[in-house]
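Engineer: Dropping a structure here in structure tokens format, bear with me for questions.
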Amino acid sequence: MVAPLNWGLGHATRCIPIINALLTQGFTPVIASDGDALNLLKKEFPGLEFHELPSYKIKYAKNGKNFKIKLLWDSPKMLKAIQKEKKQTKKLVKEFNIDGIISDNRLGVCYKKVPSVFITHQLNVLTGNTTWMTTKLHQNIIKKFDECWVPDTKKQPNLSGKLGHLKKSSLKIKYLGPLSRFSKTDTPKKYDLMVLLSGPEPQRSMLEEKIFDELIGYPNDVLFVKGIIEEEQKISSLRGNIVVYNFMSSKALERAINESKLILCRSGYTTLMDLAKLEKKAFFIPTPGQFEQEYLAKRLNKKEIAPTCQQDDFTLELLKKVKDYKGLTKFKSTVDYSSLFSIFSKVKENSDPTSTTLST
């Protein structure tokens with residue numbers, strides 16, 4: 001069972017190469033999530049089994065300064081959802097004879113009787129002056145899993161910095177290298193600017209409105225992907241030079257990013273991995289109040305890889321800074337999926353399972 005968190009689209013999209021690898025290795029993935037994350041994976045893998053898990057009902061505050069307060073206020077709903085997903089996980093394991101669990105940041109999706117893996121790039125959870133507490137709580141949850149897979153390189157250079165690296169740890173950590181569903185192709189550039197949005201509301205809509213306002217009078221070709229997963233793909237044109245999509249499939253998005261000179265987007269970790277794989281130049285606007293994205297954006301800015309600014313401060317004029325930055329570069333890493341997935345081959349006490357007969 002593969003279960004990504006529905007917090008933006010990043011957790012779901014970085015599970016796509018994992019799911020493809022499972023299929024290649026002869027496993028039969030069962031997908032469990034909710035909301036946009038579940039809908040996106042349904043479109044990517046229409047032939048698989050899908051199940052809806054309880055929603056964490058994560059929403060950002062309109063004011064980034066109230067981010068922690070909003071999360072604290074919503075925590076009873078999250079804890080209730082986590083308890084529900086624990087029960088549902090147990091039920092699904094028994095109903096579908098699940099032999100292993102891969103949870104991407106879903107805190108309650110684990111079960112003692114089958115090998116359970118937790119995917120995260122946040123071994124340290126940054127929350128300002130409460131970082132020590134949130135990190136300890138998160139690591140205590142990770143300890144309940146048999147392994148923790150970190151989608152980054154173990155040594156320098158790496159993408160996650162202090163988020164995904166600990167000086168000392170008793171956790172069973174495996175570094176996978178950056179995960180991406182995309183491949184780089186040398187193709188003629190069609191768009192001067194690609195705007196790629198995602199993330200929980202209301203901040204996604206607030207940034208969408210801000211950028212649309214800035215694009216008034218912009219003469220160059222723009223591709224604007226809202227990151228809203230709906231039943232049907234919708235395509236519209238704004239003033240002739242701006243093409244707007246509600247969402248794109250993986251293949252279409254891969255082609256579009258390759259065809260774009262510059263990407264304007266959030267500094268979510270999955271987006272960083274994708275842009276590094278495609279070796280793109282980018283400008284990052286972190287989600288207000290989200291310490292992780294703010295840290296990643298500042299880190300890339302300091303390393304002269306990509307410029308950044310706060311959401312309220314963004315203007316198109318700032319995009320000119322990009323020419324003075326190096327851009328993201330590809331991290332060479334290969335994953336031995338046969339070895340990685342061997343953890344799921346140790347589940348049948350009275351039989352000799354192989355990867356071709358397991359359901360994960």
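By order in the structure tokens, chains are A, B, ...; within a chain, residues start at 1; ligands start at 1, following the order shown.
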Among region 7-133 of chain A, which ones does DSSP assign to strand (DSSP E) (computed from the backbone)? Answer as a list in words.

Structural biologist: Val30, Ile31, Ala32, Ser33, Glu49, Phe50, His51, Glu52, Ile101, Ile102, Ser103, Asp104, Ser116, Val117, Phe118 and Ile119 of chain A

Engineer: Using only C-alpha atoms, determine which residues lie at most 8 Å from Leu262 (chain A), disregarding the query and same-chain residues fewer than 5 positions distant; provide the list as a list in words.

Structural biologist: Asp192, Leu193, Met194, Lys280, Lys281, Ala282 and Phe283 of chain A

Engineer: Residues near Lys91 (chain A), anyone? I mean within 12 Å using only C-alpha atoms, not counting same-chain ones fewer than 4 positions away, as an mmCIF file with C-alpha atoms, in the first residue's frame.

Structural biologist:
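out.cif was written with the following content:
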```cif
data_model
loop_
_atom_site.group_PDB
_atom_site.id
_atom_site.type_symbol
_atom_site.label_atom_id
_atom_site.label_comp_id
_atom_site.auth_asym_id
_atom_site.auth_seq_id
_atom_site.Cartn_x
_atom_site.Cartn_y
_atom_site.Cartn_z
ATOM 1 C CA HIS A 51 -8.991 3.771 -1.360
ATOM 2 C CA LEU A 53 -8.321 7.763 3.737
ATOM 3 C CA LYS A 84 -9.185 6.916 11.854
ATOM 4 C CA GLU A 85 -6.509 6.154 9.276
ATOM 5 C CA LYS A 86 -4.803 3.758 11.715
ATOM 6 C CA LYS A 87 -8.022 1.750 11.921
ATOM 7 C CA GLU A 95 -8.886 -7.060 3.320
ATOM 8 C CA PHE A 96 -6.261 -6.958 0.550
ATOM 9 C CA ASN A 97 -3.614 -9.142 2.163
ATOM 10 C CA ILE A 98 -1.175 -6.217 2.065
ATOM 11 C CA VAL A 109 -0.506 4.611 8.043
ATOM 12 C CA CYS A 110 1.542 1.844 9.617
ATOM 13 C CA TYR A 111 0.781 -1.609 10.989
#
```

Engineer: Report, in Å to a single decimal, how far apart CA of Phe45 (chain A) and CA of Lys80 (chain A) are.

Structural biologist: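 Atom-to-atom, CA of Lys80 (chain A) and CA of Phe45 (chain A) are spaced 29.2 Å apart.
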
Engineer: In terms of the shortest atom-to-atom distance over only C-alpha atoms, which of A:Cys309, A:Ile102, A:Ile82, A:Ile257 is closest to Lys184 (chain A)?

Structural biologist: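 Looking only at the distances to Lys184 (chain A), the closest residue turns out to be A:Ile257.
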
Engineer: Residues near Ser183 (chain A), anyone? I mean within 9 Å using only C-alpha atoms, not counting same-chain ones fewer than 4 positions away, as a list in words.

Structural biologist: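 The filter keeps Glu254, Asn258, Asp274, Lys277 and Leu278 of chain A.
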
Engineer: Keeping all heavy atoms, export the residues of the selection given above as a JSON list (two decimals), in the first residue's frame.

Structural biologist:
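Ended up saving to part-v3.json:
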```
[["chain", "number", "residue", "atom", "x", "y", "z"],
["A", 254, "GLU", "N", 5.91, 17.43, -17.85],
["A", 254, "GLU", "CA", 7.33, 17.21, -18.15],
["A", 254, "GLU", "C", 7.72, 17.94, -19.43],
["A", 254, "GLU", "O", 8.73, 18.66, -19.48],
["A", 254, "GLU", "CB", 7.60, 15.72, -18.31],
["A", 254, "GLU", "CG", 9.01, 15.37, -18.73],
["A", 254, "GLU", "CD", 9.16, 13.89, -19.02],
["A", 254, "GLU", "OE1", 8.76, 13.45, -20.14],
["A", 254, "GLU", "OE2", 9.66, 13.17, -18.15],
["A", 258, "ASN", "N", 10.17, 21.38, -19.73],
["A", 258, "ASN", "CA", 11.33, 21.32, -20.63],
["A", 258, "ASN", "C", 11.28, 22.43, -21.67],
["A", 258, "ASN", "O", 12.31, 22.93, -22.13],
["A", 258, "ASN", "CB", 11.40, 19.95, -21.32],
["A", 258, "ASN", "CG", 12.13, 18.90, -20.50],
["A", 258, "ASN", "OD1", 13.28, 19.10, -20.13],
["A", 258, "ASN", "ND2", 11.46, 17.80, -20.19],
["A", 274, "ASP", "N", 12.10, 18.01, -8.86],
["A", 274, "ASP", "CA", 11.72, 17.97, -10.28],
["A", 274, "ASP", "C", 12.56, 18.94, -11.11],
["A", 274, "ASP", "O", 13.05, 18.60, -12.19],
["A", 274, "ASP", "CB", 10.24, 18.31, -10.44],
["A", 274, "ASP", "CG", 9.32, 17.19, -10.00],
["A", 274, "ASP", "OD1", 9.78, 16.03, -9.94],
["A", 274, "ASP", "OD2", 8.14, 17.47, -9.70],
["A", 277, "LYS", "N", 16.10, 17.77, -11.56],
["A", 277, "LYS", "CA", 16.19, 16.70, -12.56],
["A", 277, "LYS", "C", 16.19, 17.29, -13.97],
["A", 277, "LYS", "O", 16.88, 16.81, -14.87],
["A", 277, "LYS", "CB", 15.00, 15.76, -12.39],
["A", 277, "LYS", "CG", 15.01, 14.54, -13.32],
["A", 277, "LYS", "CD", 16.09, 13.55, -12.95],
["A", 277, "LYS", "CE", 16.06, 12.30, -13.83],
["A", 277, "LYS", "NZ", 14.91, 11.42, -13.51],
["A", 278, "LEU", "N", 15.41, 18.36, -14.16],
["A", 278, "LEU", "CA", 15.30, 18.98, -15.48],
["A", 278, "LEU", "C", 16.29, 20.12, -15.68],
["A", 278, "LEU", "O", 16.30, 20.75, -16.74],
["A", 278, "LEU", "CB", 13.87, 19.49, -15.70],
["A", 278, "LEU", "CG", 12.77, 18.42, -15.61],
["A", 278, "LEU", "CD1", 11.41, 19.02, -15.89],
["A", 278, "LEU", "CD2", 13.04, 17.27, -16.56]]
```

Engineer: So that I can check the surroundings of Leu126 (chain A), please list as an NGL selection string every protein, DNA and RNA residue that reaches within 8 Å of it, counting only C-alpha atoms and ignoring chain neighbours fewer than 6 positions away.

Structural biologist: :A and (134-135 or 163 or 291-292)

Engineer: List every residue of region 111-351 of chain A that DSSP, applied to the backbone, labels as alpha helix (DSSP H), and write the result as a ChimeraX atom specification.

Structural biologist: /A:131-142,203-214,250-258,269-278,291-302,337-340

Engineer: Selected residues, C-alpha atoms, written as a PDB file, in the first residue's frame, please.

Structural biologist:
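Saved as again.pdb:
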```
ATOM      1  CA  THR A 131      11.631  23.358  16.100  1.00  0.00           C
ATOM      2  CA  TRP A 132      13.068  21.201  18.898  1.00  0.00           C
ATOM      3  CA  MET A 133       9.583  20.053  19.895  1.00  0.00           C
ATOM      4  CA  THR A 134       8.159  19.412  16.413  1.00  0.00           C
ATOM      5  CA  THR A 135      11.344  17.585  15.418  1.00  0.00           C
ATOM      6  CA  LYS A 136      11.204  15.335  18.481  1.00  0.00           C
ATOM      7  CA  LEU A 137       7.505  14.574  17.909  1.00  0.00           C
ATOM      8  CA  HIS A 138       8.122  13.774  14.248  1.00  0.00           C
ATOM      9  CA  GLN A 139      11.094  11.529  14.963  1.00  0.00           C
ATOM     10  CA  ASN A 140       9.064   9.643  17.586  1.00  0.00           C
ATOM     11  CA  ILE A 141       6.480   8.914  14.879  1.00  0.00           C
ATOM     12  CA  ILE A 142       9.187   7.820  12.405  1.00  0.00           C
ATOM     13  CA  GLN A 203      -2.517  30.565  -0.101  1.00  0.00           C
ATOM     14  CA  ARG A 204      -2.554  28.878  -3.516  1.00  0.00           C
ATOM     15  CA  SER A 205      -5.431  31.104  -4.694  1.00  0.00           C
ATOM     16  CA  MET A 206      -3.859  34.197  -3.132  1.00  0.00           C
ATOM     17  CA  LEU A 207      -0.631  33.658  -5.081  1.00  0.00           C
ATOM     18  CA  GLU A 208      -2.579  32.910  -8.262  1.00  0.00           C
ATOM     19  CA  GLU A 209      -4.390  36.254  -7.990  1.00  0.00           C
ATOM     20  CA  LYS A 210      -1.141  38.091  -7.176  1.00  0.00           C
ATOM     21  CA  ILE A 211       0.681  36.706 -10.225  1.00  0.00           C
ATOM     22  CA  PHE A 212      -2.249  37.280 -12.597  1.00  0.00           C
ATOM     23  CA  ASP A 213      -2.297  40.924 -11.499  1.00  0.00           C
ATOM     24  CA  GLU A 214       1.441  41.182 -12.175  1.00  0.00           C
ATOM     25  CA  SER A 250       2.853  14.059 -15.729  1.00  0.00           C
ATOM     26  CA  LYS A 251       3.857  13.641 -19.380  1.00  0.00           C
ATOM     27  CA  ALA A 252       2.373  16.966 -20.430  1.00  0.00           C
ATOM     28  CA  LEU A 253       3.932  18.743 -17.445  1.00  0.00           C
ATOM     29  CA  GLU A 254       7.329  17.209 -18.152  1.00  0.00           C
ATOM     30  CA  ARG A 255       7.180  18.449 -21.752  1.00  0.00           C
ATOM     31  CA  ALA A 256       5.951  21.914 -20.701  1.00  0.00           C
ATOM     32  CA  ILE A 257       8.708  22.444 -18.116  1.00  0.00           C
ATOM     33  CA  ASN A 258      11.329  21.320 -20.633  1.00  0.00           C
ATOM     34  CA  TYR A 269      10.718  20.113  -1.835  1.00  0.00           C
ATOM     35  CA  THR A 270       9.184  17.928  -4.554  1.00  0.00           C
ATOM     36  CA  THR A 271       9.230  20.893  -6.942  1.00  0.00           C
ATOM     37  CA  LEU A 272      12.927  21.375  -6.167  1.00  0.00           C
ATOM     38  CA  MET A 273      13.619  17.722  -6.984  1.00  0.00           C
ATOM     39  CA  ASP A 274      11.717  17.970 -10.277  1.00  0.00           C
ATOM     40  CA  LEU A 275      13.460  21.180 -11.360  1.00  0.00           C
ATOM     41  CA  ALA A 276      16.863  19.776 -10.397  1.00  0.00           C
ATOM     42  CA  LYS A 277      16.194  16.700 -12.555  1.00  0.00           C
ATOM     43  CA  LEU A 278      15.297  18.982 -15.484  1.00  0.00           C
ATOM     44  CA  PHE A 291       9.277  27.461   7.624  1.00  0.00           C
ATOM     45  CA  GLU A 292      10.388  24.518   5.454  1.00  0.00           C
ATOM     46  CA  GLN A 293       9.769  26.336   2.159  1.00  0.00           C
ATOM     47  CA  GLU A 294      11.257  29.559   3.506  1.00  0.00           C
ATOM     48  CA  TYR A 295      14.407  27.704   4.585  1.00  0.00           C
ATOM     49  CA  LEU A 296      14.791  25.922   1.225  1.00  0.00           C
ATOM     50  CA  ALA A 297      14.287  29.143  -0.753  1.00  0.00           C
ATOM     51  CA  LYS A 298      16.792  31.085   1.389  1.00  0.00           C
ATOM     52  CA  ARG A 299      19.306  28.233   1.137  1.00  0.00           C
ATOM     53  CA  LEU A 300      19.132  28.175  -2.677  1.00  0.00           C
ATOM     54  CA  ASN A 301      19.348  31.962  -2.780  1.00  0.00           C
ATOM     55  CA  LYS A 302      22.439  31.944  -0.538  1.00  0.00           C
ATOM     56  CA  TYR A 337      14.875  -0.785  -6.113  1.00  0.00           C
ATOM     57  CA  SER A 338      15.293  -4.553  -5.920  1.00  0.00           C
ATOM     58  CA  SER A 339      17.366  -4.121  -2.770  1.00  0.00           C
ATOM     59  CA  LEU A 340      15.170  -1.318  -1.460  1.00  0.00           C
TER      60      LEU A 340
END
```

Engineer: What separation in Å, quoted to one decimal, exists between CA of Ile119 (chain A) and CA of Phe247 (chain A)?

Structural biologist: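 If I compute the distance from CA of Ile119 (chain A) to CA of Phe247 (chain A), I get 24.9 Å.
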
Engineer: Which value, in Å to one decimal, gives the distance between CA of Cys265 (chain A) and CA of Ala12 (chain A)?

Structural biologist: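 CA of Cys265 (chain A) sits 17.4 Å away from CA of Ala12 (chain A).
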
Engineer: Quick one: everything within 9 Å of Val195 (chain A), counting only C-alpha atoms, minus sequence neighbours fewer than 6 positions away in the same chain. Send it as a PyMOL selection string.

Structural biologist: chain A and resi 211+222-226+262-265

Engineer: Would you please work out which residue, of A:Ile101, A:Ala32, A:Ala37, A:Leu159, is nearest to Glu49 (chain A) when using only C-alpha atoms?

Structural biologist: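 The answer is A:Ala32, which sits nearest to Glu49 (chain A).
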
Engineer: Using only C-alpha atoms, which of the listed residues (A:Ile235, A:Ile229, A:Ile343, A:Ile242) sits closest to Lys43 (chain A)?

Structural biologist: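 Ranked by minimum distance to Lys43 (chain A), first place goes to A:Ile229.
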
Engineer: When you look at Leu40 (chain A) with a cut-off of 12 Å (counting only C-alpha atoms), what residues show up, excluding the ones that are within fewer than 3 positions of it in the same chain? I need them as number ranges by chain.

Structural biologist: A: 4, 6, 8-16, 31-37, 43-46, 50, 227-233, 247-250

Engineer: Those residues with C-alpha atoms, as a short mmCIF file (atom, residue, chain, number, x, y, z; two decimals), in the first residue's frame please?

Structural biologist:
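And here is the file that came out, result.cif:
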```
data_model
loop_
_atom_site.label_atom_id
_atom_site.label_comp_id
_atom_site.auth_asym_id
_atom_site.auth_seq_id
_atom_site.Cartn_x
_atom_site.Cartn_y
_atom_site.Cartn_z
CA PRO A 4 0.90 9.90 0.28
CA ASN A 6 -2.69 15.23 0.71
CA GLY A 8 -0.35 20.15 -1.92
CA LEU A 9 0.55 17.73 -4.71
CA GLY A 10 4.20 17.09 -3.88
CA HIS A 11 3.78 14.02 -1.71
CA ALA A 12 1.66 12.33 -4.38
CA THR A 13 3.87 13.26 -7.34
CA ARG A 14 7.09 12.07 -5.72
CA CYS A 15 5.39 8.73 -5.08
CA ILE A 16 4.90 8.29 -8.84
CA ILE A 31 -3.04 3.45 -3.43
CA ALA A 32 -4.57 5.13 -0.36
CA SER A 33 -4.94 8.89 0.13
CA ASP A 34 -7.57 11.63 -0.13
CA GLY A 35 -8.47 14.80 -2.01
CA ASP A 36 -6.29 16.13 -4.82
CA ALA A 37 -3.47 13.69 -4.05
CA LYS A 43 -5.36 9.89 -13.35
CA GLU A 44 -1.76 8.62 -13.44
CA PHE A 45 -2.56 4.98 -12.65
CA PRO A 46 -6.16 4.27 -13.74
CA PHE A 50 -7.63 3.07 -4.83
CA GLY A 227 -2.46 23.07 -9.84
CA ILE A 228 -6.17 22.40 -9.34
CA ILE A 229 -7.05 18.74 -9.91
CA GLU A 230 -10.53 18.49 -11.45
CA GLU A 231 -12.50 15.88 -13.40
CA GLU A 232 -11.62 17.42 -16.75
CA GLN A 233 -8.64 19.36 -17.94
CA PHE A 247 -3.77 20.89 -14.20
CA MET A 248 -1.53 18.77 -16.41
CA SER A 249 -0.72 15.07 -16.53
CA SER A 250 2.85 14.06 -15.73
#
```

Engineer: Measuring atom to atom with only C-alpha atoms, identify which of A:Pro115, A:Gly289, A:Pro202, A:Pro76 is nearest to Val93 (chain A).

Structural biologist: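 Comparing A:Pro115, A:Gly289, A:Pro202, A:Pro76 against Val93 (chain A), the winner is A:Pro115.
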